[in-house]
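Listing of final11.cif, mmCIF, C-alpha atoms
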data_work
loop_
_atom_site.label_atom_id
_atom_site.label_comp_id
_atom_site.auth_asym_id
_atom_site.auth_seq_id
_atom_site.Cartn_x
_atom_site.Cartn_y
_atom_site.Cartn_z
CA MET R 1 22.05 11.57 -12.59
CA VAL R 2 18.31 11.90 -12.98
CA ARG R 3 16.35 13.08 -15.99
CA VAL R 4 13.44 15.53 -16.17
CA ALA R 5 10.23 14.04 -17.53
CA ARG R 6 7.88 17.06 -17.45
CA ILE R 7 7.99 20.77 -16.77
CA HIS R 8 5.04 22.52 -15.17
CA PRO R 9 4.17 26.03 -16.37
CA GLU R 10 4.42 27.60 -12.93
CA GLY R 11 7.69 26.94 -11.16
CA ILE R 12 11.37 27.71 -11.05
CA ALA R 13 12.28 25.15 -13.74
CA ALA R 14 10.08 26.83 -16.37
CA GLU R 15 11.57 30.23 -15.54
CA LEU R 16 15.10 28.85 -15.96
CA GLY R 17 14.26 27.28 -19.31
CA VAL R 18 14.71 23.69 -18.18
CA VAL R 19 13.17 21.32 -20.72
CA PRO R 20 12.11 17.65 -20.62
CA GLY R 21 15.08 15.37 -21.13
CA THR R 22 17.44 17.57 -19.13
CA GLU R 23 19.86 15.56 -16.98
CA LEU R 24 20.26 16.86 -13.42
CA ARG R 25 23.82 15.89 -12.52
CA SER R 26 24.71 17.55 -9.25
CA VAL R 27 23.50 19.99 -6.60
CA ASN R 28 26.05 22.13 -4.79
CA GLY R 29 28.76 19.79 -6.01
CA ARG R 30 27.10 16.58 -4.82
CA GLU R 31 26.04 13.99 -7.35
CA VAL R 32 22.32 13.47 -7.90
CA ALA R 33 21.84 9.72 -8.16
CA ASP R 34 18.06 9.54 -7.80
CA PHE R 35 14.92 11.33 -6.69
CA LEU R 36 15.94 11.22 -3.03
CA ASP R 37 19.14 13.13 -3.72
CA TRP R 38 17.20 15.69 -5.71
CA GLU R 39 14.58 16.22 -3.01
CA PHE R 40 17.01 16.48 -0.11
CA LEU R 41 19.94 18.29 -1.76
CA THR R 42 17.69 20.98 -3.22
CA ALA R 43 16.00 21.67 0.11
CA GLU R 44 18.20 24.74 0.56
CA GLU R 45 17.59 28.42 -0.08
CA ILE R 46 20.63 28.76 -2.36
CA VAL R 47 21.60 25.94 -4.73
CA ALA R 48 23.79 25.47 -7.78
CA VAL R 49 22.45 22.77 -10.11
CA GLU R 50 24.73 21.31 -12.77
CA ALA R 51 22.68 20.00 -15.68
CA LYS R 52 23.05 18.67 -19.20
CA LEU R 53 20.48 19.76 -21.77
CA PRO R 54 19.13 17.30 -24.36
CA ASP R 55 21.37 18.86 -27.03
CA GLY R 56 24.46 18.09 -24.92
CA GLU R 57 25.06 21.61 -23.57
CA LEU R 58 26.30 21.73 -19.95
CA VAL R 59 24.77 24.47 -17.82
CA VAL R 60 24.83 25.54 -14.19
CA TYR R 61 21.68 27.03 -12.68
CA GLU R 62 22.32 29.19 -9.63
CA VAL R 63 19.05 29.57 -7.79
CA GLU R 64 17.93 31.49 -4.73
CA ARG R 65 14.78 30.11 -3.09
CA PRO R 66 14.07 32.21 -0.01
CA ASP R 67 10.62 30.68 0.41
CA LEU R 68 11.60 27.28 -1.04
CA GLU R 69 9.41 27.85 -4.08
CA PRO R 70 8.49 24.68 -5.97
CA TRP R 71 10.77 23.62 -8.78
CA GLY R 72 7.82 22.69 -10.96
CA LEU R 73 9.29 19.60 -12.56
CA THR R 74 8.61 15.87 -12.59
CA LEU R 75 11.47 13.40 -12.76
CA GLU R 76 11.51 10.22 -14.78
CA PRO R 77 10.65 7.20 -12.60
CA PRO R 78 13.66 5.71 -10.82
CA THR R 79 15.13 2.34 -11.58
CA VAL R 80 13.55 0.11 -8.96
CA ARG R 81 15.70 -2.09 -6.77
CA ARG R 82 14.69 -5.66 -7.42
CA CYS R 83 14.07 -8.23 -4.73
CA ALA R 84 16.75 -10.89 -4.28
CA ASN R 85 14.50 -13.14 -2.19
CA ARG R 86 12.27 -15.95 -3.40
CA CYS R 87 9.54 -16.01 -0.77
CA GLU R 88 7.11 -18.87 -1.34
CA PHE R 89 4.21 -16.56 -0.48
CA CYS R 90 5.33 -13.70 -2.74
CA PHE R 91 2.33 -12.12 -4.47
CA ILE R 92 4.32 -11.83 -7.71
CA GLU R 93 4.90 -15.59 -7.69
CA GLY R 94 1.12 -16.01 -7.52
CA LEU R 95 0.40 -14.04 -10.69
CA PRO R 96 -0.68 -15.74 -13.90
CA GLN R 97 1.19 -15.21 -17.13
CA GLY R 98 0.15 -12.58 -19.65
CA LEU R 99 -0.48 -9.56 -17.40
CA ARG R 100 1.10 -6.12 -17.81
CA LYS R 101 4.90 -6.29 -17.43
CA PRO R 102 5.13 -3.81 -14.52
CA LEU R 103 3.05 -6.19 -12.39
CA TYR R 104 5.90 -8.72 -12.40
CA ILE R 105 8.48 -6.33 -10.94
CA ARG R 106 9.48 -7.58 -7.50
CA ASP R 107 10.64 -4.41 -5.80
CA ASP R 108 12.53 -4.37 -2.52
CA ASP R 109 13.52 -0.73 -2.31
CA TYR R 110 14.00 1.26 0.91
CA ARG R 111 13.53 4.48 -1.07
CA LEU R 112 10.02 3.45 -2.11
CA SER R 113 9.38 2.33 1.44
CA PHE R 114 10.00 5.86 2.66
CA ALA R 115 8.36 7.67 -0.25
CA TYR R 116 5.25 5.53 -0.77
CA GLY R 117 4.91 3.17 2.19
CA ASN R 118 5.97 0.08 0.20
CA PHE R 119 7.13 -2.74 2.45
CA ALA R 120 10.80 -3.70 2.02
CA THR R 121 12.76 -6.54 3.61
CA LEU R 122 16.04 -4.52 3.87
CA SER R 123 17.83 -7.68 2.71
CA ASN R 124 19.64 -5.76 -0.05
CA VAL R 125 20.64 -2.72 2.02
CA LYS R 126 24.40 -2.02 2.07
CA ASP R 127 26.54 0.15 4.34
CA ARG R 128 26.26 3.12 1.98
CA ASP R 129 22.47 2.74 2.09
CA PHE R 130 22.49 2.81 5.89
CA ASP R 131 24.56 5.99 5.77
CA ARG R 132 22.10 7.53 3.34
CA ILE R 133 19.03 6.56 5.35
CA LEU R 134 20.57 8.10 8.44
CA GLU R 135 21.80 11.26 6.69
CA TYR R 136 18.44 11.96 5.03
CA ARG R 137 16.50 10.66 8.05
CA LEU R 138 14.27 8.44 5.94
CA SER R 139 11.70 7.76 8.62
CA PRO R 140 9.42 5.99 9.05
CA LEU R 141 10.28 2.97 6.91
CA TYR R 142 7.90 0.07 6.26
CA VAL R 143 9.67 -3.21 6.86
CA SER R 144 8.66 -6.78 6.01
CA VAL R 145 10.18 -8.53 9.00
CA HIS R 146 8.25 -11.82 8.78
CA ALA R 147 10.47 -13.28 11.53
CA THR R 148 13.28 -11.89 13.64
CA ASN R 149 14.65 -15.37 14.22
CA TRP R 150 17.50 -15.40 11.71
CA GLU R 151 17.21 -19.04 10.66
CA ALA R 152 13.43 -18.83 10.26
CA ARG R 153 13.81 -15.65 8.21
CA LYS R 154 16.27 -17.34 5.86
CA VAL R 155 13.69 -20.04 5.20
CA LEU R 156 10.80 -17.58 4.81
CA LEU R 157 12.70 -15.39 2.36
CA ASN R 158 14.30 -18.44 0.71
CA ASN R 159 17.60 -16.59 0.90
CA PRO R 160 20.50 -18.05 2.95
CA ARG R 161 22.39 -14.75 2.69
CA VAL R 162 19.69 -12.57 4.20
CA PRO R 163 21.12 -10.29 6.92
CA ASN R 164 20.07 -10.32 10.58
CA VAL R 165 17.08 -7.98 10.59
CA VAL R 166 17.29 -7.32 14.34
CA GLU R 167 20.81 -5.96 13.90
CA GLN R 168 19.68 -3.89 10.91
CA LEU R 169 16.73 -2.38 12.73
CA GLY R 170 18.84 -1.75 15.82
CA ARG R 171 21.47 0.09 13.77
CA LEU R 172 18.86 2.34 12.19
CA ALA R 173 16.95 2.82 15.44
CA ALA R 174 20.13 4.05 17.12
CA GLY R 175 20.18 6.78 14.47
CA GLY R 176 16.60 7.84 15.16
CA ILE R 177 14.85 5.93 12.36
CA GLN R 178 11.41 4.48 13.10
CA PHE R 179 9.48 1.64 11.45
CA HIS R 180 6.13 0.12 10.72
CA CYS R 181 6.68 -3.65 10.58
CA GLN R 182 4.73 -6.58 9.22
CA MET R 183 4.88 -10.35 9.59
CA VAL R 184 3.21 -12.43 6.88
CA ILE R 185 2.41 -15.62 8.76
CA VAL R 186 2.95 -19.04 7.23
CA PRO R 187 1.34 -21.64 9.54
CA GLY R 188 3.92 -23.93 11.07
CA LEU R 189 6.84 -21.70 10.10
CA ASN R 190 6.68 -18.27 11.73
CA ASP R 191 3.65 -18.49 14.00
CA GLY R 192 3.62 -19.69 17.62
CA ALA R 193 7.00 -19.43 19.35
CA VAL R 194 8.65 -17.80 16.34
CA LEU R 195 6.02 -15.05 16.26
CA GLU R 196 6.40 -14.59 20.01
CA GLU R 197 10.14 -14.12 19.54
CA SER R 198 9.53 -11.65 16.70
CA LEU R 199 7.11 -9.55 18.71
CA THR R 200 9.44 -9.59 21.71
CA ASP R 201 12.39 -8.41 19.61
CA LEU R 202 10.36 -5.64 18.00
CA TRP R 203 8.93 -4.57 21.36
CA ASN R 204 12.44 -4.34 22.78
CA LEU R 205 13.35 -1.80 20.11
CA GLY R 206 11.09 0.60 22.00
CA ASP R 207 9.71 3.67 20.27
CA ALA R 208 11.56 2.80 17.06
CA VAL R 209 8.83 0.32 16.11
CA LEU R 210 5.71 2.42 15.66
CA SER R 211 3.43 -0.50 14.81
CA ALA R 212 3.53 -4.20 14.02
CA ALA R 213 1.07 -6.07 11.82
CA VAL R 214 0.28 -9.78 11.64
CA VAL R 215 -1.04 -10.76 8.22
CA PRO R 216 -2.08 -14.23 7.00
CA VAL R 217 -0.35 -15.75 4.01
CA GLY R 218 -2.37 -15.06 0.87
CA LEU R 219 -2.29 -17.50 -2.02
CA THR R 220 -3.71 -17.69 -5.51
CA GLN R 221 -4.23 -20.69 -7.76
CA PHE R 222 -0.90 -19.78 -9.39
CA SER R 223 1.23 -19.76 -6.22
CA HIS R 224 3.46 -22.50 -7.57
CA LEU R 225 6.32 -22.09 -5.08
CA TYR R 226 4.26 -22.43 -1.93
CA THR R 227 4.65 -25.71 -0.03
CA GLY R 228 3.31 -24.69 3.40
CA GLN R 229 -0.07 -24.92 5.01
CA SER R 230 -2.89 -22.55 4.18
CA MET R 231 -4.45 -20.31 6.80
CA ASN R 232 -7.71 -21.61 8.28
CA ALA R 233 -10.17 -20.43 10.94
CA GLU R 234 -8.44 -22.25 13.79
CA ALA R 235 -5.00 -20.87 12.93
CA ALA R 236 -6.44 -17.38 12.48
CA SER R 237 -8.11 -17.54 15.91
CA THR R 238 -4.87 -18.67 17.54
CA LEU R 239 -2.97 -15.80 15.93
CA LEU R 240 -5.55 -13.25 17.04
CA ALA R 241 -5.38 -14.50 20.63
CA GLN R 242 -1.60 -14.07 20.59
CA VAL R 243 -1.88 -10.62 19.00
CA GLU R 244 -4.50 -9.53 21.55
CA GLN R 245 -2.26 -10.54 24.46
CA TRP R 246 0.43 -8.25 23.12
CA GLY R 247 -2.13 -5.56 22.35
CA GLN R 248 -3.33 -5.56 25.95
CA ARG R 249 0.24 -5.21 27.19
CA ALA R 250 0.89 -2.36 24.76
CA ARG R 251 -2.23 -0.47 25.78
CA LEU R 252 -1.29 -0.80 29.45
CA GLU R 253 2.37 0.14 29.08
CA ARG R 254 2.34 2.46 26.06
CA GLY R 255 -1.22 3.65 25.76
CA GLU R 256 -1.81 2.25 22.27
CA THR R 257 -2.51 -1.13 20.74
CA TRP R 258 0.83 -1.27 18.81
CA VAL R 259 0.34 -4.72 17.29
CA PHE R 260 -2.61 -5.50 15.03
CA GLY R 261 -4.09 -8.47 13.26
CA SER R 262 -5.22 -7.84 9.71
CA ASP R 263 -8.90 -7.62 8.84
CA GLU R 264 -8.54 -10.86 6.91
CA LEU R 265 -7.58 -12.71 10.09
CA TYR R 266 -10.79 -11.56 11.80
CA LEU R 267 -12.86 -12.58 8.78
CA LEU R 268 -11.18 -15.99 8.60
CA ALA R 269 -11.69 -16.55 12.32
CA GLY R 270 -15.32 -15.38 12.19
CA GLN R 271 -14.63 -12.77 14.86
CA GLU R 272 -16.00 -9.24 15.13
CA LEU R 273 -13.62 -6.50 14.11
CA PRO R 274 -12.51 -3.96 16.76
CA GLY R 275 -13.87 -0.42 16.84
CA PRO R 276 -12.05 2.74 15.65
CA GLU R 277 -10.47 3.46 19.03
CA TYR R 278 -8.55 0.18 18.79
CA TYR R 279 -6.64 1.34 15.71
CA GLY R 280 -5.71 4.86 16.84
CA ASP R 281 -4.68 6.75 13.71
CA PHE R 282 -4.87 3.58 11.57
CA PRO R 283 -1.09 3.37 10.98
CA GLN R 284 -1.26 0.41 8.59
CA ILE R 285 -4.62 0.82 6.92
CA GLU R 286 -3.04 0.36 3.47
CA ASN R 287 -1.90 -3.06 4.69
CA GLY R 288 -5.46 -4.17 5.42
CA ILE R 289 -5.28 -3.25 9.10
CA GLY R 290 -8.53 -1.61 10.16
CA SER R 291 -9.79 -0.90 6.66
CA VAL R 292 -13.24 -2.38 7.36
CA THR R 293 -13.56 -0.44 10.61
CA SER R 294 -12.50 2.73 8.83
CA LEU R 295 -15.11 2.08 6.13
CA ARG R 296 -17.83 1.65 8.76
CA LEU R 297 -16.75 4.88 10.41
CA ARG R 298 -16.76 6.87 7.17
CA VAL R 299 -20.20 5.57 6.26
CA ARG R 300 -21.61 6.45 9.67
CA GLU R 301 -20.15 9.94 9.54
CA GLY R 302 -21.36 10.56 6.00
CA LEU R 303 -24.99 9.43 6.22
CA GLN R 304 -26.34 12.91 6.93
CA ARG R 305 -24.81 14.23 3.72
CA LEU R 306 -26.54 11.73 1.44
CA PRO R 307 -29.24 12.85 -1.00
CA ASN R 308 -32.78 11.54 -1.09
CA ILE R 309 -32.95 9.21 -4.10
CA PRO R 310 -36.03 7.04 -3.46
CA ARG R 311 -36.78 3.90 -5.42
CA ARG R 312 -33.41 3.94 -7.16
CA ARG R 313 -31.78 0.51 -7.57
CA ILE R 314 -28.04 0.53 -6.87
CA GLY R 315 -25.81 -2.48 -7.35
CA VAL R 316 -22.79 -2.86 -5.04
CA VAL R 317 -20.11 -5.19 -6.37
CA THR R 318 -17.87 -6.78 -3.74
CA GLY R 319 -15.72 -9.83 -3.08
CA VAL R 320 -16.52 -12.99 -1.18
CA SER R 321 -14.77 -11.98 2.05
CA MET R 322 -16.61 -8.66 2.38
CA ALA R 323 -20.01 -10.00 1.41
CA PRO R 324 -21.16 -10.91 4.95
CA LEU R 325 -20.28 -7.43 6.22
CA MET R 326 -22.01 -5.45 3.50
CA PRO R 327 -25.71 -5.77 4.51
CA ALA R 328 -25.17 -3.76 7.70
CA LEU R 329 -23.68 -0.95 5.61
CA THR R 330 -26.18 -0.99 2.76
CA GLU R 331 -29.10 -1.02 5.20
CA GLN R 332 -27.83 2.25 6.67
CA LEU R 333 -27.41 3.69 3.19
CA ALA R 334 -30.93 2.60 2.21
CA ARG R 335 -32.49 4.26 5.25
CA ALA R 336 -30.62 7.50 4.56
CA THR R 337 -31.34 7.70 0.82
CA GLY R 338 -34.55 5.75 0.25
CA ALA R 339 -32.73 3.77 -2.45
CA HIS R 340 -32.59 0.00 -2.81
CA PHE R 341 -29.11 -1.50 -2.60
CA GLU R 342 -28.32 -4.93 -4.00
CA ILE R 343 -25.09 -6.65 -2.99
CA ILE R 344 -23.50 -8.43 -5.95
CA VAL R 345 -20.79 -10.89 -4.94
CA ALA R 346 -18.13 -11.51 -7.58
CA THR R 347 -15.77 -14.49 -7.64
CA ASN R 348 -12.20 -13.88 -8.74
CA SER R 349 -11.72 -15.44 -12.15
CA LEU R 350 -8.07 -14.44 -12.51
CA PHE R 351 -6.50 -15.53 -9.22
CA GLY R 352 -9.00 -18.23 -8.35
CA PRO R 353 -11.66 -18.73 -5.66
CA THR R 354 -9.15 -18.66 -2.81
CA THR R 355 -8.57 -14.96 -3.53
CA THR R 356 -11.59 -13.33 -1.93
CA THR R 357 -10.46 -9.72 -1.46
CA ALA R 358 -12.66 -7.17 -3.22
CA GLY R 359 -9.68 -5.04 -4.22
CA LEU R 360 -8.25 -7.87 -6.35
CA LEU R 361 -11.34 -8.33 -8.50
CA VAL R 362 -10.57 -7.75 -12.17
CA GLY R 363 -12.47 -6.14 -15.01
CA ALA R 364 -13.78 -9.47 -16.28
CA ASP R 365 -15.29 -10.28 -12.86
CA ILE R 366 -17.10 -6.95 -12.65
CA SER R 367 -18.26 -7.15 -16.26
CA LYS R 368 -19.69 -10.63 -15.71
CA SER R 369 -21.50 -9.44 -12.58
CA LEU R 370 -23.13 -6.41 -14.21
CA LEU R 371 -23.58 -7.32 -17.88
CA GLY R 372 -27.26 -7.54 -18.72
CA ARG R 373 -28.39 -5.91 -15.48
CA HIS R 374 -30.78 -3.39 -17.09
CA ASP R 375 -32.76 -3.32 -13.83
CA LEU R 376 -30.06 -1.31 -12.05
CA ASP R 377 -29.98 2.48 -12.13
CA MET R 378 -26.29 2.56 -11.22
CA ALA R 379 -23.51 0.36 -9.84
CA LEU R 380 -20.67 0.93 -7.39
CA ILE R 381 -17.45 -1.05 -7.70
CA PRO R 382 -14.39 -1.14 -5.39
CA ALA R 383 -12.15 1.78 -6.33
CA GLU R 384 -9.12 -0.26 -5.21
CA THR R 385 -9.55 -2.50 -8.26
CA ILE R 386 -8.35 0.30 -10.56
CA ASN R 387 -4.85 1.77 -10.66
CA GLU R 388 -3.89 5.40 -11.25
CA ASP R 389 -4.00 4.80 -15.01
CA GLY R 390 -7.59 3.57 -14.86
CA MET R 391 -6.66 -0.08 -15.47
CA PHE R 392 -7.77 -3.30 -13.80
CA LEU R 393 -5.23 -6.04 -13.01
CA ASP R 394 -6.34 -8.02 -16.06
CA GLY R 395 -5.49 -5.11 -18.36
CA GLN R 396 -9.06 -3.98 -19.01
CA SER R 397 -9.61 -0.24 -18.79
CA PHE R 398 -12.30 1.20 -16.57
CA ILE R 399 -13.52 3.45 -19.40
CA ALA R 400 -14.02 0.46 -21.70
CA LEU R 401 -15.80 -1.44 -18.94
CA ARG R 402 -18.11 1.47 -18.17
CA GLU R 403 -19.04 1.92 -21.82
CA SER R 404 -19.89 -1.77 -22.17
CA LEU R 405 -22.36 -1.89 -19.28
CA PRO R 406 -26.03 -0.86 -19.31
CA MET R 407 -25.88 1.38 -16.22
CA PRO R 408 -23.61 4.17 -14.94
CA VAL R 409 -20.70 2.65 -13.03
CA TYR R 410 -18.69 4.47 -10.36
CA PRO R 411 -15.55 3.39 -8.49
CA SER R 412 -16.10 4.01 -4.79
CA TYR R 413 -14.00 3.81 -1.64
CA ASP R 414 -16.80 4.25 0.88
CA PHE R 415 -20.16 4.80 -0.93
CA ILE R 416 -20.35 8.32 0.51
CA ASP R 417 -17.72 9.61 -1.92
CA VAL R 418 -19.95 8.74 -4.89
CA LEU R 419 -23.46 9.13 -3.53
CA THR R 420 -22.87 12.72 -2.41
CA GLN R 421 -21.95 13.82 -5.94
CA GLU R 422 -24.69 15.91 -7.51
CA THR R 423 -24.23 14.26 -10.92
CA VAL R 424 -24.82 10.86 -9.34
CA ALA R 425 -27.99 11.98 -7.64
CA VAL R 426 -29.33 13.35 -10.93
CA ALA R 427 -28.25 10.29 -12.93
CA ALA R 428 -29.82 7.95 -10.43
#

Can the structure in the file be given as structure tokens, please?
Amino acid sequence: MVRVARIHPEGIAAELGVVPGTELRSVNGREVADFLDWEFLTAEEIVAVEAKLPDGELVVYEVERPDLEPWGLTLEPPTVRRCANRCEFCFIEGLPQGLRKPLYIRDDDYRLSFAYGNFATLSNVKDRDFDRILEYRLSPLYVSVHATNWEARKVLLNNPRVPNVVEQLGRLAAGGIQFHCQMVIVPGLNDGAVLEESLTDLWNLGDAVLSAAVVPVGLTQFSHLYTGQSMNAEAASTLLAQVEQWGQRARLERGETWVFGSDELYLLAGQELPGPEYYGDFPQIENGIGSVTSLRLRVREGLQRLPNIPRRRIGVVTGVSMAPLMPALTEQLARATGAHFEIIVATNSLFGPTTTTAGLLVGADISKSLLGRHDLDMALIPAETINEDGMFLDGQSFIALRESLPMPVYPSYDFIDVLTQETVAVAA
């Protein structure tokens, strides 16, 4: 059973008189357990929906949808499947106390993997889940493999009961399911020969594995469970050499790179990032794979659309890791607009100085960087620092931050998105 959260004015649900709080119990006689059941079972032209209204009345809606018209309803969020693992490198284990409660939810949910691209370990998937994945063809899935070697994976996930992921992937692949996989590398544990085994096993699954990503372990000052080594420049360089060997093989045999090192590995190793052609359609950009290259590409393609705003002073807030790469971008922006861009590097006060990613800066970091800067006409901050509710990780709202600062502040993904707005050009 799922419950309706909101009804939209235009849609079938409003016409039927469905109201918020209505329980959707079954479709064509099959139980509706969650949002996946609702989406897939109602994808028919003729459906009978059994529902229970908030006042307790049971009703059956018989609906004909010749053009699959939208239902026009939003369901209440599903109960998230929690993670049963205790990975030392888990981001949740590196959070300080006192943040918003949802941040501490350790999800490991194949449904969210399909719907939103969340990475899941598949360690809690049962036979009925396999049947469901195959019936609904939930593909592609995003899988945190970490290591295909079973014993190494048990150690990495800190879970002696974790299933054999190679068998799991093989079972799903036989049913036509495909995957994007990642390995978070802990030096001395799943690099070297273990990583070679992992890449070999994933490669042998053929077209089922669409891409594989190698990501360095990321730690904060609160990562109290972690006992391994940290990632350094030498280890990052070694990983990239191994990844590139596999990438060359993939390009020769399959015509695409297939396996990618994260941007952070290149930055740690002090190596130049590959160009856009290396990443193809950027299959794991949300995982930090090719995000810098994509940013460079979007800036280059958007320069001709920028307004002329001479002598304007624009502050660009970024993190420590991106700071060395920003001058090349801001110089292009300055030539195109006539404005002066100042790079403002913020240190992470919440997670500690070892966390250098711009997207994890919090409201306090940005406020400290910009407070008192009356010399700036405007400031751009990383849009990734704010969630869909307009909140930073430290609980500060973007609106409150903006109102407290002496200049207009705009969240930006690529500079172009903000600088091409007419209101920005006028304000600047």

Subject >> Non-local contacts of range 197-213 of chain R (6 Å; all atoms listed in the file; under 5 positions in same chain excluded) as number ranges by chain >> reply: R: 147-148, 173, 178-182, 258-261

Show me, as a Markdown table, the residues of range 335-364 of chain R having an atom within 12 Å of range 287-290 of chain R, each with the closest atom pair and its distance in Å, using all atoms listed in the file.
| residue | atom | partner | partner_atom | distance |
| --- | --- | --- | --- | --- |
| R:Thr357 | CA | R:Gly288 | CA | 10.2 |
| R:Ala358 | CA | R:Gly288 | CA | 11.6 |
| R:Gly359 | CA | R:Gly288 | CA | 10.6 |

Original post:
What gap, in Å, lies between CA of Glu342 in chain R and CA of Ala323 in chain R?
Top reply: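 CA of Ala323 in chain R lies 11.1 Å from CA of Glu342 in chain R.
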
Subject >> One-decimal distance in Å that lies between CA of Glu272 in chain R and CA of Gln248 in chain R >> reply: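 So the two atoms, CA of Gln248 in chain R and CA of Glu272 in chain R, lie 17.1 Å apart.
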
**OP:** List the residues matched by the PyMOL selection byres ((chain R and resi 186) around 9) in the displayed structure as number ranges by chain, ordered by chain and then by residue number.
**Re:** R: 89, 156, 184-185, 187-191, 216-217, 228-231

Subject >> Explicit residue set for the PyMOL selection byres ((chain R and resi 382) around 6), as a ChimeraX atom specification >> reply: /R:381,383-385,411-412

**OP:** Compile the contact shell of Ala43 in chain R as a list in words: residues with an atom at most 12 Å away, counting only C-alpha atoms, same-chain residues fewer than 5 positions apart removed.
**Re:**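 Contacts, with the query itself left out: Val27, Asn28, Leu36, Asp37, Trp38, Ala48, Val63, Glu64, Arg65, Pro66, Asp67, Leu68, Glu69, Pro70, Trp71 and Tyr136 of chain R.
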
Any chance you can output those residues with C-alpha atoms as a compact mmCIF listing (two decimals), in the frame of the given file?
# COMPACT_ATOMS: atom_id res chain seq x y z
CA VAL R 27 23.50 19.99 -6.60
CA ASN R 28 26.05 22.13 -4.79
CA LEU R 36 15.94 11.22 -3.03
CA ASP R 37 19.14 13.13 -3.72
CA TRP R 38 17.20 15.69 -5.71
CA ALA R 48 23.79 25.47 -7.78
CA VAL R 63 19.05 29.57 -7.79
CA GLU R 64 17.93 31.49 -4.73
CA ARG R 65 14.78 30.11 -3.09
CA PRO R 66 14.07 32.21 -0.01
CA ASP R 67 10.62 30.68 0.41
CA LEU R 68 11.60 27.28 -1.04
CA GLU R 69 9.41 27.85 -4.08
CA PRO R 70 8.49 24.68 -5.97
CA TRP R 71 10.77 23.62 -8.78
CA TYR R 136 18.44 11.96 5.03

Subject >> Answer as number ranges by chain, residues within 10 Å of (-25.9, 6.7, -4.5) using only C-alpha atoms >> reply: R: 306-309, 312-315, 333-334, 337-341, 377-380, 410, 415-422, 424-428

**OP:** To verify the selection step, state as an NGL selection string which residues the PyMOL selection byres ((chain R and resi 296) around 10) yields on this input.
**Re:** :R and (275-276 or 290-295 or 297-302 or 325-326 or 328-329 or 414)

Original post:
For Leu73 in chain R, which residue out of R:Ile285, R:Val155, R:Ile12, R:Ala336 is the nearest one, using all atoms listed in the file?
Top reply: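 Of all the options, R:Ile12 lies closest to Leu73 in chain R.
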
**OP:** Around the point (-17.5, -16.9, -11.0), in the coordinates given by the file, pick out the residues reaching within 10 Å, counting only C-alpha atoms, and return them as a list of chain:residue names.
**Re:**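 Result, sorted by chain then residue number: R:Val345, R:Ala346, R:Thr347, R:Asn348, R:Ser349, R:Leu350, R:Gly352, R:Pro353, R:Ala364, R:Asp365, R:Lys368, R:Ser369.
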
Subject >> Interatomic distance, CA of Ile344 in chain R to CA of Val316 in chain R (Å, one decimal) >> reply: 5.7 Å

Original post:
Between R:Glu23, R:Glu196, R:Glu264, R:Asp281, which has the minimum distance to Gln245 in chain R (counting all atoms listed in the file)?
Top reply: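 Of R:Glu23, R:Glu196, R:Glu264, R:Asp281, the one nearest Gln245 in chain R is R:Glu196, counting all atoms listed in the file.
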
**OP:** List the neighbours of Ala51 in chain R out to 12 Å using all atoms listed in the file; skip same-chain residues closer than 6 positions along the sequence, and give me the result as a list in words.
**Re:** Met1, Val2, Arg3, Val4, Ala13, Leu16, Gly17, Val18, Val19, Pro20, Gly21, Thr22, Glu23, Leu24, Arg25, Ser26, Val27, Asn28, Gly29, Glu31, Val32, Glu57, Leu58, Val59, Val60, Tyr61 and Glu62 of chain R

Next, write the just-selected residues to a file, as a JSON list (two decimals), in the frame of the given file, keeping C-alpha atoms as the atom set.
[["chain", "number", "residue", "atom", "x", "y", "z"],
["R", 1, "MET", "CA", 22.05, 11.57, -12.59],
["R", 2, "VAL", "CA", 18.31, 11.90, -12.98],
["R", 3, "ARG", "CA", 16.35, 13.08, -15.99],
["R", 4, "VAL", "CA", 13.44, 15.53, -16.17],
["R", 13, "ALA", "CA", 12.28, 25.15, -13.74],
["R", 16, "LEU", "CA", 15.10, 28.85, -15.96],
["R", 17, "GLY", "CA", 14.26, 27.28, -19.31],
["R", 18, "VAL", "CA", 14.71, 23.69, -18.18],
["R", 19, "VAL", "CA", 13.17, 21.32, -20.72],
["R", 20, "PRO", "CA", 12.11, 17.65, -20.62],
["R", 21, "GLY", "CA", 15.08, 15.37, -21.13],
["R", 22, "THR", "CA", 17.44, 17.57, -19.13],
["R", 23, "GLU", "CA", 19.86, 15.56, -16.98],
["R", 24, "LEU", "CA", 20.26, 16.86, -13.42],
["R", 25, "ARG", "CA", 23.82, 15.89, -12.52],
["R", 26, "SER", "CA", 24.71, 17.55, -9.25],
["R", 27, "VAL", "CA", 23.50, 19.99, -6.60],
["R", 28, "ASN", "CA", 26.05, 22.13, -4.79],
["R", 29, "GLY", "CA", 28.76, 19.79, -6.01],
["R", 31, "GLU", "CA", 26.04, 13.99, -7.35],
["R", 32, "VAL", "CA", 22.32, 13.47, -7.90],
["R", 57, "GLU", "CA", 25.06, 21.61, -23.57],
["R", 58, "LEU", "CA", 26.30, 21.73, -19.95],
["R", 59, "VAL", "CA", 24.77, 24.47, -17.82],
["R", 60, "VAL", "CA", 24.83, 25.54, -14.19],
["R", 61, "TYR", "CA", 21.68, 27.03, -12.68],
["R", 62, "GLU", "CA", 22.32, 29.19, -9.63]]

Subject >> Contacts of Glu151 in chain R within 12 Å, only C-alpha atoms, excl. fewer than 5 positions in-chain, as an MDAnalysis selection string >> reply: chainID R and resid 146 156:165 189:190 194

Subject >> Polymer residues at most 7 Å from Phe114 in chain R, all atoms listed in the file, same-chain spacing of 5 or more positions, as a ChimeraX atom specification >> reply: /R:138-141
